[in-house]
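Below is start.cif, which holds mmCIF, C-alpha atoms.
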```cif
data_protein
loop_
_atom_site.label_atom_id
_atom_site.label_comp_id
_atom_site.auth_asym_id
_atom_site.auth_seq_id
_atom_site.Cartn_x
_atom_site.Cartn_y
_atom_site.Cartn_z
CA MET A 1 262.43 178.33 -96.34
CA LYS A 2 259.11 179.65 -95.29
CA GLY A 3 257.79 182.71 -97.07
CA ARG A 4 260.51 182.58 -99.70
CA ASP A 5 259.67 182.86 -103.31
CA PRO A 6 260.22 179.35 -104.75
CA ARG A 7 261.85 180.93 -107.81
CA GLU A 8 264.63 182.27 -105.62
CA GLN A 9 265.65 178.77 -104.59
CA GLU A 10 268.55 177.01 -106.20
CA PRO A 11 267.62 173.73 -107.87
CA GLY A 12 269.72 171.80 -105.32
CA ASP A 13 268.05 173.70 -102.52
CA LYS A 14 264.59 172.73 -103.72
CA TRP A 15 265.64 169.12 -103.98
CA GLU A 16 266.81 169.10 -100.38
CA VAL A 17 263.53 170.65 -99.21
CA GLN A 18 261.55 168.00 -101.07
CA LEU A 19 263.74 165.25 -99.68
CA ARG A 20 263.29 166.46 -96.11
CA LYS A 21 259.57 166.97 -96.48
CA GLY A 22 259.21 163.52 -98.01
CA CYS A 23 260.89 161.98 -94.97
CA LEU A 24 258.86 163.94 -92.45
CA GLU A 25 255.89 161.59 -92.38
CA LEU A 26 258.11 158.58 -91.65
CA ALA A 27 260.11 160.61 -89.11
CA ILE A 28 256.95 161.53 -87.18
CA LEU A 29 255.67 157.94 -87.19
CA ALA A 30 259.11 156.78 -86.00
CA ALA A 31 259.15 159.40 -83.21
CA LEU A 32 255.92 157.82 -81.90
CA TRP A 33 257.19 154.24 -82.14
CA ASP A 34 258.08 153.78 -78.47
CA GLY A 35 255.08 155.53 -76.99
CA LYS A 36 252.75 158.49 -77.01
CA ARG A 37 254.10 162.03 -77.28
CA TYR A 38 252.64 165.52 -77.60
CA GLY A 39 253.42 167.93 -80.44
CA LEU A 40 256.35 169.76 -78.87
CA GLU A 41 257.91 166.47 -77.71
CA ILE A 42 257.70 165.13 -81.26
CA LEU A 43 259.36 168.31 -82.55
CA ARG A 44 262.18 168.05 -79.99
CA ARG A 45 262.66 164.37 -80.81
CA LEU A 46 262.97 165.22 -84.51
CA GLU A 47 265.45 168.01 -83.77
CA SER A 48 267.66 165.94 -81.47
CA ASP A 49 267.63 162.62 -83.31
CA SER A 50 267.59 163.71 -86.92
CA ASP A 51 268.86 166.46 -89.12
CA LEU A 52 265.30 167.33 -90.04
CA ILE A 53 264.97 171.02 -89.40
CA VAL A 54 261.26 171.16 -89.14
CA SER A 55 259.04 174.18 -89.11
CA GLU A 56 256.47 173.96 -86.34
CA GLY A 57 253.84 175.22 -88.74
CA THR A 58 254.40 172.07 -90.83
CA VAL A 59 254.28 169.42 -88.13
CA TYR A 60 250.93 170.24 -86.53
CA PRO A 61 248.91 170.22 -89.79
CA LEU A 62 250.72 167.00 -90.79
CA LEU A 63 249.78 165.39 -87.47
CA SER A 64 246.17 166.32 -88.15
CA ARG A 65 246.41 164.63 -91.57
CA LEU A 66 247.97 161.48 -90.11
CA LYS A 67 245.06 161.39 -87.69
CA ALA A 68 242.50 161.81 -90.48
CA LEU A 69 244.21 158.92 -92.31
CA GLY A 70 243.85 156.76 -89.20
CA LEU A 71 247.61 156.29 -88.71
CA VAL A 72 247.68 158.02 -85.31
CA ARG A 73 245.10 158.67 -82.61
CA SER A 74 245.11 161.43 -80.04
CA GLU A 75 244.00 162.09 -76.48
CA TRP A 76 244.08 165.07 -74.14
CA VAL A 77 246.07 164.53 -70.96
CA ALA A 78 246.16 166.93 -67.99
CA SER A 79 249.67 168.19 -67.15
CA ASP A 80 251.29 169.91 -64.20
CA ALA A 81 252.04 172.87 -66.47
CA GLY A 82 248.46 173.97 -65.86
CA HIS A 83 247.07 173.20 -69.30
CA PRO A 84 246.17 169.88 -70.96
CA ARG A 85 248.36 168.51 -73.77
CA LYS A 86 247.29 166.61 -76.85
CA TYR A 87 249.17 163.30 -77.01
CA TYR A 88 249.53 161.26 -80.18
CA ALA A 89 250.05 157.50 -80.45
CA LEU A 90 250.34 155.10 -83.38
CA THR A 91 247.29 153.04 -84.31
CA PRO A 92 247.82 149.45 -85.53
CA ALA A 93 247.53 150.81 -89.10
CA GLY A 94 250.12 153.47 -88.24
CA LYS A 95 252.52 150.80 -86.94
CA ARG A 96 252.11 148.76 -90.11
CA ARG A 97 252.66 151.86 -92.25
CA ALA A 98 255.78 152.84 -90.28
CA LEU A 99 257.26 149.35 -90.70
CA GLU A 100 256.52 149.36 -94.43
CA MET A 101 258.08 152.78 -94.88
CA ALA A 102 261.11 151.86 -92.78
CA ALA A 103 261.69 148.74 -94.90
CA ILE A 104 261.46 150.75 -98.12
CA TRP A 105 263.80 153.35 -96.63
CA ALA A 106 266.41 150.76 -95.59
CA GLN A 107 266.38 149.12 -99.02
CA PHE A 108 266.55 152.43 -100.83
CA SER A 109 269.26 154.02 -98.70
CA SER A 110 271.52 150.95 -98.85
CA SER A 111 271.36 150.82 -102.64
CA MET A 112 271.89 154.58 -102.89
CA SER A 113 274.90 154.33 -100.56
CA LYS A 114 276.43 151.67 -102.81
CA LEU A 115 275.91 153.88 -105.81
CA LEU A 116 277.28 156.94 -104.02
CA ALA A 117 280.33 155.23 -102.48
CA PRO A 118 282.80 156.66 -105.08
CA LEU A 119 281.40 160.18 -104.54
CA ALA A 120 281.68 159.84 -100.76
CA LYS A 121 285.46 159.27 -101.12
CA GLU A 122 285.71 162.40 -103.23
CA ASN A 123 283.81 164.46 -100.66
CA ARG A 124 286.09 163.43 -97.81
CA MET B 125 252.38 179.50 -64.19
CA THR B 126 251.16 183.03 -64.73
CA MET B 127 251.03 185.23 -67.72
CA THR B 128 250.62 188.92 -68.27
CA GLY B 129 247.37 190.14 -69.77
CA ASP B 130 249.31 191.45 -72.74
CA SER B 131 250.72 188.02 -73.67
CA GLN B 132 247.33 186.41 -73.21
CA GLN B 133 245.85 188.98 -75.58
CA LYS B 134 248.52 188.29 -78.19
CA ILE B 135 247.84 184.55 -78.07
CA ASP B 136 244.08 185.09 -78.28
CA ALA B 137 244.49 187.46 -81.22
CA TYR B 138 246.69 184.96 -83.10
CA LEU B 139 244.35 182.04 -82.46
CA GLY B 140 241.33 184.18 -83.30
CA ARG B 141 242.81 185.03 -86.70
CA LEU B 142 243.63 181.37 -87.25
CA ARG B 143 240.11 180.25 -86.29
CA GLY B 144 238.60 182.77 -88.69
CA ARG B 145 240.55 181.25 -91.58
CA LEU B 146 239.94 177.57 -90.86
CA ARG B 147 236.97 177.45 -93.22
CA GLY B 148 235.35 174.17 -94.14
CA ILE B 149 236.80 172.24 -91.19
CA ARG B 150 234.34 170.79 -88.65
CA ASP B 151 233.73 172.93 -85.53
CA ASP B 152 234.99 170.30 -83.11
CA GLU B 153 238.17 169.87 -85.16
CA VAL B 154 238.72 173.64 -85.20
CA ARG B 155 238.39 173.70 -81.39
CA GLU B 156 240.95 170.86 -81.12
CA ILE B 157 243.40 172.65 -83.42
CA VAL B 158 243.11 175.93 -81.51
CA GLU B 159 243.46 174.30 -78.08
CA GLU B 160 246.43 172.20 -79.19
CA LEU B 161 248.24 175.29 -80.50
CA ARG B 162 247.40 177.25 -77.33
CA SER B 163 248.97 174.45 -75.31
CA HIS B 164 252.00 174.43 -77.65
CA ILE B 165 252.52 178.20 -77.39
CA MET B 166 252.40 178.09 -73.57
CA ASP B 167 254.89 175.19 -73.41
CA LYS B 168 257.19 176.83 -75.90
CA ALA B 169 257.12 180.22 -74.19
CA ALA B 170 257.81 178.59 -70.81
CA ALA B 171 260.67 176.54 -72.30
CA SER B 172 262.42 179.59 -73.74
CA LYS B 173 262.30 181.10 -70.25
CA GLU B 174 263.95 178.02 -68.74
CA ALA B 175 266.56 177.93 -71.48
CA ALA B 176 267.54 181.49 -70.55
CA GLY B 177 268.40 180.20 -67.08
CA GLU B 178 265.51 181.91 -65.37
CA ALA B 179 263.05 180.30 -63.01
CA ASN B 180 259.94 178.84 -64.55
CA GLY B 181 257.53 181.59 -63.61
CA GLU B 182 255.72 184.20 -65.58
CA ILE B 183 255.58 183.72 -69.31
CA THR B 184 257.04 186.82 -70.87
CA ALA B 185 255.86 188.72 -73.90
CA ALA B 186 259.19 187.91 -75.60
CA GLY B 187 258.70 184.17 -75.09
CA VAL B 188 255.20 184.34 -76.53
CA ASP B 189 256.39 186.42 -79.49
CA ALA B 190 259.09 183.87 -80.29
CA ALA B 191 256.63 180.98 -80.03
CA LEU B 192 254.17 182.72 -82.37
CA ALA B 193 256.87 183.65 -84.86
CA ALA B 194 258.03 180.02 -85.03
CA LEU B 195 254.53 178.93 -86.02
CA GLY B 196 254.37 181.32 -88.98
CA THR B 197 251.49 183.65 -89.71
CA PRO B 198 247.95 182.47 -88.85
CA GLU B 199 247.12 182.69 -92.57
CA GLU B 200 249.95 180.34 -93.62
CA LEU B 201 249.20 177.94 -90.80
CA ALA B 202 245.46 177.89 -91.58
CA SER B 203 246.03 177.17 -95.25
CA GLN B 204 248.36 174.26 -94.35
CA TYR B 205 245.71 172.83 -92.05
CA MET B 206 242.99 173.20 -94.66
CA THR B 207 245.04 171.59 -97.37
CA GLU B 208 246.23 168.65 -95.26
CA ASN B 209 242.73 168.18 -93.91
CA LEU B 210 240.80 168.18 -97.14
CA LEU B 211 243.39 166.12 -98.99
CA ALA B 212 243.44 163.49 -96.26
CA ARG B 213 239.69 163.11 -96.50
CA ALA B 214 239.75 162.83 -100.26
CA GLU B 215 242.56 160.24 -100.09
CA VAL B 216 240.88 157.89 -97.62
CA SER B 217 237.59 158.01 -99.46
CA ARG B 218 236.63 156.71 -102.87
CA SER B 219 233.15 158.14 -102.59
CA PRO B 220 232.36 160.73 -105.27
CA VAL B 221 230.36 162.74 -102.70
CA GLN B 222 233.35 163.04 -100.35
CA ILE B 223 235.69 163.80 -103.23
CA LEU B 224 233.43 166.54 -104.57
CA ARG B 225 233.09 167.99 -101.07
CA SER B 226 236.87 168.14 -100.72
CA LEU B 227 237.24 169.58 -104.21
CA PHE B 228 234.75 172.34 -103.36
CA ARG B 229 237.02 173.35 -100.51
CA TRP B 230 240.12 173.11 -102.69
CA ALA B 231 238.36 175.25 -105.32
CA SER B 232 237.90 177.95 -102.69
CA LEU B 233 241.68 177.92 -102.16
CA SER B 234 243.07 177.87 -105.68
CA VAL B 235 242.28 178.29 -109.35
CA ALA B 236 243.68 174.84 -110.13
CA GLY B 237 241.24 173.39 -107.62
CA PHE B 238 238.39 175.18 -109.35
CA PHE B 239 239.16 173.58 -112.71
CA VAL B 240 239.62 170.13 -111.21
CA LEU B 241 236.25 170.58 -109.51
CA LEU B 242 234.62 171.63 -112.78
CA GLY B 243 236.08 168.66 -114.65
CA SER B 244 235.04 166.25 -111.91
CA ILE B 245 231.47 167.54 -111.84
CA LEU B 246 231.29 167.05 -115.61
CA GLY B 247 232.76 163.53 -115.39
CA TYR B 248 230.43 162.41 -112.61
CA PHE B 249 227.42 164.02 -114.28
CA LEU B 250 228.04 162.27 -117.59
CA GLY B 251 228.66 158.97 -115.78
CA ALA B 252 225.41 159.39 -113.84
CA VAL B 253 223.47 160.10 -117.07
CA PHE B 254 224.76 156.89 -118.73
CA ILE B 255 223.78 154.82 -115.70
CA LEU B 256 220.39 156.50 -115.37
CA VAL B 257 219.50 155.78 -118.99
CA ALA B 258 220.56 152.13 -118.55
CA VAL B 259 218.36 151.89 -115.46
CA LEU B 260 215.35 153.49 -117.13
CA LYS B 261 215.48 151.56 -120.41
CA PRO B 262 213.53 148.52 -119.13
CA PHE B 263 210.80 150.83 -117.82
CA HIS B 264 210.54 152.90 -121.01
CA PRO B 265 211.72 150.46 -123.69
CA HIS B 266 210.53 152.55 -126.63
CA THR B 267 211.63 156.00 -125.55
CA ALA B 268 214.71 155.77 -123.30
CA GLY B 269 218.16 155.57 -124.87
CA LEU B 270 220.71 157.41 -126.93
CA TRP B 271 218.83 159.16 -129.72
CA VAL B 272 219.98 160.90 -132.86
CA PHE B 273 217.83 163.63 -134.39
CA PRO B 274 218.41 165.29 -137.74
CA ASN B 275 218.18 169.05 -137.42
CA GLY B 276 217.42 171.72 -140.00
CA ALA B 277 221.01 172.39 -141.04
CA GLY B 278 221.62 168.82 -142.17
CA ASP B 279 223.55 167.97 -139.03
CA SER B 280 222.27 165.64 -136.45
CA GLU B 281 221.95 166.07 -132.76
CA ILE B 282 222.71 163.37 -130.22
CA SER B 283 220.85 163.29 -126.96
CA PHE B 284 220.19 161.02 -124.03
CA ARG B 285 216.53 160.43 -123.35
CA MET B 286 215.28 159.18 -120.03
CA GLY B 287 212.11 157.95 -121.70
CA PHE B 288 209.65 160.36 -120.18
CA GLY B 289 207.18 161.83 -122.64
CA SER B 290 206.14 160.61 -126.07
CA ILE B 291 208.13 158.78 -128.75
CA PRO B 292 210.40 161.41 -130.32
CA VAL B 293 209.48 162.38 -133.89
CA GLY B 294 212.09 161.79 -136.60
CA GLY B 295 214.67 160.46 -134.16
CA ARG B 296 216.44 157.14 -134.12
CA ASP B 297 217.33 155.08 -131.06
CA VAL B 298 220.97 154.32 -131.88
CA LEU B 299 221.82 151.64 -129.37
CA GLY B 300 218.47 150.00 -128.63
CA TRP B 301 218.84 147.49 -125.80
CA TRP B 302 222.63 147.78 -126.00
CA ILE B 303 222.25 150.95 -123.93
CA VAL B 304 221.78 148.75 -120.84
CA PRO B 305 225.23 147.05 -120.78
CA ILE B 306 226.96 149.98 -122.49
CA GLY B 307 225.33 152.52 -120.15
CA TRP B 308 226.40 150.60 -117.04
CA MET B 309 229.94 150.07 -118.29
CA ALA B 310 230.49 153.56 -119.68
CA GLY B 311 228.82 155.18 -116.66
CA GLY B 312 230.74 153.11 -114.12
CA GLY B 313 233.95 153.63 -116.07
CA LEU B 314 233.46 157.40 -116.19
CA VAL B 315 232.80 157.60 -112.45
CA MET B 316 235.91 155.53 -111.67
CA LEU B 317 238.04 157.44 -114.14
CA THR B 318 236.89 160.79 -112.75
CA THR B 319 237.72 159.62 -109.20
CA HIS B 320 241.18 158.45 -110.27
CA ILE B 321 241.96 161.65 -112.14
CA ALA B 322 240.69 163.86 -109.31
CA LEU B 323 242.80 161.97 -106.75
CA TRP B 324 245.81 162.16 -109.04
CA PHE B 325 245.47 165.94 -109.18
CA VAL B 326 244.95 166.11 -105.42
CA ARG B 327 248.20 164.16 -104.79
CA ARG B 328 250.08 166.21 -107.34
CA TYR B 329 248.88 169.38 -105.69
CA ARG B 330 250.03 168.14 -102.29
CA ARG B 331 253.49 167.40 -103.69
CA SER B 332 253.65 170.86 -105.26
CA LEU B 333 253.11 172.35 -101.80
CA VAL B 334 256.54 171.11 -100.82
CA ARG B 335 257.98 173.98 -102.79
CA SER B 336 256.04 176.69 -101.05
CA TRP B 337 256.15 175.33 -97.51
CA GLY B 338 259.40 173.45 -97.18
#
```
Rewrite the structure from the file as structure tokens, please.
Amino acid sequence: MKGRDPREQEPGDKWEVQLRKGCLELAILAALWDGKRYGLEILRRLESDSDLIVSEGTVYPLLSRLKALGLVRSEWVASDAGHPRKYYALTPAGKRRALEMAAIWAQFSSSMSKLLAPLAKENR
Amino acid sequence: MTMTGDSQQKIDAYLGRLRGRLRGIRDDEVREIVEELRSHIMDKAAASKEAAGEANGEITAAGVDAALAALGTPEELASQYMTENLLARAEVSRSPVQILRSLFRWASLSVAGFFVLLGSILGYFLGAVFILVAVLKPFHPHTAGLWVFPNGAGDSEISFRMGFGSIPVGGRDVLGWWIVPIGWMAGGGLVMLTTHIALWFVRRYRRSLVRSWG
């Protein structure tokens, strides 16, 4: 999507982009749920465990915002690759936020699925 | 892990351009951002080497190029950082000073930001004037307040007076002591309203970014 003129996008296309971007914050918090990870690990986790095709240039600035909001903290850890890596972990506020968002998500997606059940049959 | 001088230069040039465009972000944060991305680029370039089935050795120029391309241009990346950064600070704070500081930075990025800044300055200024008059009324009971003056053309002119100087000639103190409760309420209300409206615009702006940087 990057660099494309927004006017070139189809309406459905734009909707999908918004949907994905809206989920990204929750996806990042969820990727940190079971322990600390550095940026590239988070990206790989998102790629392998979700359909979120994420631009790297979006995730790093978003991580910096989550940190400014106090939802994650970070620390530099030396690695055997020869350079230190910046690891992120959830703060207690970040955990609470992730749980809240996950609950909203579960509620929302189950009611949407009910509503969309007839369309799903059609699509099959 | 080794790297050719050429690749090192490319990375430095990219990060240098990025650093130059991260205006308004604290120096220590800029250092963190740059070091984190340097670490990312090295990991990414090394990973593409491994994926190609080669031994994890020298980072090639091609690996570095791919890693840099995936990040987008330094200009795009810098503007994402600046936006996320300043919006986060405005969102966690309700302090007019912090909001104005963030709006100043937003104004340097976009025309919309400039107008929101202008409106917010006006809102806060008017709010501050109301409160100031309410505070000064007990000290200058005869001169501070909201005054109306007739002018030559038959119209009248309304002005706030802080109560310094002599009793104004021909004017009328409209509110009298009512300026104290009204000043506090109107002033406080204006400050809160301005904060709410500014934050609303900030959030709206962040949502609109979805379209350009999906």
**OP:** Step by step, work through what the PyMOL selection byres ((chain A) within 10 of (chain B)) selects in the shown file, and finish by giving those residues as a VMD selection string.
**Re:** chain A and resid 1 to 7 9 14 to 22 38 to 41 53 to 70 76 80 to 87
For the selection you just gave me, I'd like the residues written to a file as an mmCIF file, in the coordinates of the input, keeping C-alpha atoms.
```cif
data_model
loop_
_atom_site.group_PDB
_atom_site.id
_atom_site.type_symbol
_atom_site.label_atom_id
_atom_site.label_comp_id
_atom_site.auth_asym_id
_atom_site.auth_seq_id
_atom_site.Cartn_x
_atom_site.Cartn_y
_atom_site.Cartn_z
ATOM 1 C CA MET A 1 262.430 178.330 -96.340
ATOM 2 C CA LYS A 2 259.110 179.650 -95.290
ATOM 3 C CA GLY A 3 257.790 182.710 -97.070
ATOM 4 C CA ARG A 4 260.510 182.580 -99.700
ATOM 5 C CA ASP A 5 259.670 182.860 -103.310
ATOM 6 C CA PRO A 6 260.220 179.350 -104.750
ATOM 7 C CA ARG A 7 261.850 180.930 -107.810
ATOM 8 C CA GLN A 9 265.650 178.770 -104.590
ATOM 9 C CA LYS A 14 264.590 172.730 -103.720
ATOM 10 C CA TRP A 15 265.640 169.120 -103.980
ATOM 11 C CA GLU A 16 266.810 169.100 -100.380
ATOM 12 C CA VAL A 17 263.530 170.650 -99.210
ATOM 13 C CA GLN A 18 261.550 168.000 -101.070
ATOM 14 C CA LEU A 19 263.740 165.250 -99.680
ATOM 15 C CA ARG A 20 263.290 166.460 -96.110
ATOM 16 C CA LYS A 21 259.570 166.970 -96.480
ATOM 17 C CA GLY A 22 259.210 163.520 -98.010
ATOM 18 C CA TYR A 38 252.640 165.520 -77.600
ATOM 19 C CA GLY A 39 253.420 167.930 -80.440
ATOM 20 C CA LEU A 40 256.350 169.760 -78.870
ATOM 21 C CA GLU A 41 257.910 166.470 -77.710
ATOM 22 C CA ILE A 53 264.970 171.020 -89.400
ATOM 23 C CA VAL A 54 261.260 171.160 -89.140
ATOM 24 C CA SER A 55 259.040 174.180 -89.110
ATOM 25 C CA GLU A 56 256.470 173.960 -86.340
ATOM 26 C CA GLY A 57 253.840 175.220 -88.740
ATOM 27 C CA THR A 58 254.400 172.070 -90.830
ATOM 28 C CA VAL A 59 254.280 169.420 -88.130
ATOM 29 C CA TYR A 60 250.930 170.240 -86.530
ATOM 30 C CA PRO A 61 248.910 170.220 -89.790
ATOM 31 C CA LEU A 62 250.720 167.000 -90.790
ATOM 32 C CA LEU A 63 249.780 165.390 -87.470
ATOM 33 C CA SER A 64 246.170 166.320 -88.150
ATOM 34 C CA ARG A 65 246.410 164.630 -91.570
ATOM 35 C CA LEU A 66 247.970 161.480 -90.110
ATOM 36 C CA LYS A 67 245.060 161.390 -87.690
ATOM 37 C CA ALA A 68 242.500 161.810 -90.480
ATOM 38 C CA LEU A 69 244.210 158.920 -92.310
ATOM 39 C CA GLY A 70 243.850 156.760 -89.200
ATOM 40 C CA TRP A 76 244.080 165.070 -74.140
ATOM 41 C CA ASP A 80 251.290 169.910 -64.200
ATOM 42 C CA ALA A 81 252.040 172.870 -66.470
ATOM 43 C CA GLY A 82 248.460 173.970 -65.860
ATOM 44 C CA HIS A 83 247.070 173.200 -69.300
ATOM 45 C CA PRO A 84 246.170 169.880 -70.960
ATOM 46 C CA ARG A 85 248.360 168.510 -73.770
ATOM 47 C CA LYS A 86 247.290 166.610 -76.850
ATOM 48 C CA TYR A 87 249.170 163.300 -77.010
#
```
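Here the question is which of B:Ile306, B:Val240, B:Val293, B:Ala322 gets nearest to Ala258 (chain B) using only C-alpha atoms, and that residue is B:Ile306.
Here CA of Lys95 (chain A) is placed at a distance of 21.1 Å from CA of Leu52 (chain A).
Note that CA of Ala30 (chain A) and CA of Asp51 (chain A) are 14.1 Å apart.
Counting from CA of Glu75 (chain A), the distance to CA of Leu227 (chain B) is 29.5 Å.
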Atoms are missing here; could region 148-175 of chain B be completed with N, CA and C atoms and written as a PDB file, keeping the file's coordinate frame?
```pdb
ATOM      1  N   GLY B 148     235.618 175.491 -93.567  1.00  0.00           N
ATOM      2  CA  GLY B 148     235.350 174.170 -94.140  1.00  0.00           C
ATOM      3  C   GLY B 148     235.838 173.011 -93.288  1.00  0.00           C
ATOM      4  N   ILE B 149     236.402 173.314 -92.099  1.00  0.00           N
ATOM      5  CA  ILE B 149     236.800 172.240 -91.190  1.00  0.00           C
ATOM      6  C   ILE B 149     235.747 172.164 -90.086  1.00  0.00           C
ATOM      7  N   ARG B 150     235.403 170.955 -89.656  1.00  0.00           N
ATOM      8  CA  ARG B 150     234.340 170.790 -88.650  1.00  0.00           C
ATOM      9  C   ARG B 150     234.635 171.577 -87.379  1.00  0.00           C
ATOM     10  N   ASP B 151     233.575 172.097 -86.725  1.00  0.00           N
ATOM     11  CA  ASP B 151     233.730 172.930 -85.530  1.00  0.00           C
ATOM     12  C   ASP B 151     234.539 172.262 -84.432  1.00  0.00           C
ATOM     13  N   ASP B 152     234.255 170.962 -84.198  1.00  0.00           N
ATOM     14  CA  ASP B 152     234.990 170.300 -83.110  1.00  0.00           C
ATOM     15  C   ASP B 152     236.465 170.145 -83.451  1.00  0.00           C
ATOM     16  N   GLU B 153     236.760 169.956 -84.757  1.00  0.00           N
ATOM     17  CA  GLU B 153     238.170 169.870 -85.160  1.00  0.00           C
ATOM     18  C   GLU B 153     238.866 171.220 -84.999  1.00  0.00           C
ATOM     19  N   VAL B 154     238.140 172.294 -85.344  1.00  0.00           N
ATOM     20  CA  VAL B 154     238.720 173.640 -85.200  1.00  0.00           C
ATOM     21  C   VAL B 154     239.059 173.890 -83.733  1.00  0.00           C
ATOM     22  N   ARG B 155     238.133 173.516 -82.832  1.00  0.00           N
ATOM     23  CA  ARG B 155     238.390 173.700 -81.390  1.00  0.00           C
ATOM     24  C   ARG B 155     239.648 172.936 -80.977  1.00  0.00           C
ATOM     25  N   GLU B 156     239.770 171.688 -81.446  1.00  0.00           N
ATOM     26  CA  GLU B 156     240.950 170.860 -81.120  1.00  0.00           C
ATOM     27  C   GLU B 156     242.235 171.531 -81.582  1.00  0.00           C
ATOM     28  N   ILE B 157     242.212 172.012 -82.832  1.00  0.00           N
ATOM     29  CA  ILE B 157     243.400 172.650 -83.420  1.00  0.00           C
ATOM     30  C   ILE B 157     243.809 173.852 -82.574  1.00  0.00           C
ATOM     31  N   VAL B 158     242.829 174.702 -82.259  1.00  0.00           N
ATOM     32  CA  VAL B 158     243.110 175.930 -81.510  1.00  0.00           C
ATOM     33  C   VAL B 158     243.637 175.607 -80.119  1.00  0.00           C
ATOM     34  N   GLU B 159     243.013 174.637 -79.440  1.00  0.00           N
ATOM     35  CA  GLU B 159     243.460 174.300 -78.080  1.00  0.00           C
ATOM     36  C   GLU B 159     244.850 173.663 -78.085  1.00  0.00           C
ATOM     37  N   GLU B 160     245.115 172.828 -79.099  1.00  0.00           N
ATOM     38  CA  GLU B 160     246.430 172.200 -79.190  1.00  0.00           C
ATOM     39  C   GLU B 160     247.513 173.264 -79.382  1.00  0.00           C
ATOM     40  N   LEU B 161     247.237 174.255 -80.243  1.00  0.00           N
ATOM     41  CA  LEU B 161     248.240 175.290 -80.500  1.00  0.00           C
ATOM     42  C   LEU B 161     248.404 176.187 -79.271  1.00  0.00           C
ATOM     43  N   ARG B 162     247.299 176.435 -78.549  1.00  0.00           N
ATOM     44  CA  ARG B 162     247.400 177.250 -77.330  1.00  0.00           C
ATOM     45  C   ARG B 162     248.350 176.544 -76.347  1.00  0.00           C
ATOM     46  N   SER B 163     248.139 175.246 -76.205  1.00  0.00           N
ATOM     47  CA  SER B 163     248.970 174.450 -75.310  1.00  0.00           C
ATOM     48  C   SER B 163     250.443 174.486 -75.769  1.00  0.00           C
ATOM     49  N   HIS B 164     250.646 174.374 -77.084  1.00  0.00           N
ATOM     50  CA  HIS B 164     252.000 174.430 -77.650  1.00  0.00           C
ATOM     51  C   HIS B 164     252.681 175.771 -77.356  1.00  0.00           C
ATOM     52  N   ILE B 165     251.940 176.852 -77.575  1.00  0.00           N
ATOM     53  CA  ILE B 165     252.520 178.200 -77.390  1.00  0.00           C
ATOM     54  C   ILE B 165     252.939 178.400 -75.936  1.00  0.00           C
ATOM     55  N   MET B 166     252.074 177.951 -74.991  1.00  0.00           N
ATOM     56  CA  MET B 166     252.400 178.090 -73.570  1.00  0.00           C
ATOM     57  C   MET B 166     253.657 177.283 -73.211  1.00  0.00           C
ATOM     58  N   ASP B 167     253.721 176.038 -73.691  1.00  0.00           N
ATOM     59  CA  ASP B 167     254.890 175.190 -73.410  1.00  0.00           C
ATOM     60  C   ASP B 167     256.156 175.801 -73.976  1.00  0.00           C
ATOM     61  N   LYS B 168     256.044 176.277 -75.203  1.00  0.00           N
ATOM     62  CA  LYS B 168     257.190 176.830 -75.900  1.00  0.00           C
ATOM     63  C   LYS B 168     257.691 178.096 -75.220  1.00  0.00           C
ATOM     64  N   ALA B 169     256.750 178.966 -74.844  1.00  0.00           N
ATOM     65  CA  ALA B 169     257.120 180.220 -74.190  1.00  0.00           C
ATOM     66  C   ALA B 169     257.764 179.934 -72.838  1.00  0.00           C
ATOM     67  N   ALA B 170     257.238 178.960 -72.107  1.00  0.00           N
ATOM     68  CA  ALA B 170     257.810 178.590 -70.810  1.00  0.00           C
ATOM     69  C   ALA B 170     259.203 177.990 -70.992  1.00  0.00           C
ATOM     70  N   ALA B 171     259.377 177.181 -72.050  1.00  0.00           N
ATOM     71  CA  ALA B 171     260.670 176.540 -72.300  1.00  0.00           C
ATOM     72  C   ALA B 171     261.753 177.557 -72.623  1.00  0.00           C
ATOM     73  N   SER B 172     261.407 178.595 -73.378  1.00  0.00           N
ATOM     74  CA  SER B 172     262.420 179.590 -73.740  1.00  0.00           C
ATOM     75  C   SER B 172     262.880 180.338 -72.490  1.00  0.00           C
ATOM     76  N   LYS B 173     261.985 180.468 -71.524  1.00  0.00           N
ATOM     77  CA  LYS B 173     262.300 181.100 -70.250  1.00  0.00           C
ATOM     78  C   LYS B 173     263.318 180.245 -69.475  1.00  0.00           C
ATOM     79  N   GLU B 174     263.042 178.924 -69.444  1.00  0.00           N
ATOM     80  CA  GLU B 174     263.950 178.020 -68.740  1.00  0.00           C
ATOM     81  C   GLU B 174     265.319 177.992 -69.405  1.00  0.00           C
ATOM     82  N   ALA B 175     265.309 177.991 -70.727  1.00  0.00           N
ATOM     83  CA  ALA B 175     266.560 177.930 -71.480  1.00  0.00           C
ATOM     84  C   ALA B 175     267.429 179.148 -71.161  1.00  0.00           C
TER      85      ALA B 175
END
```
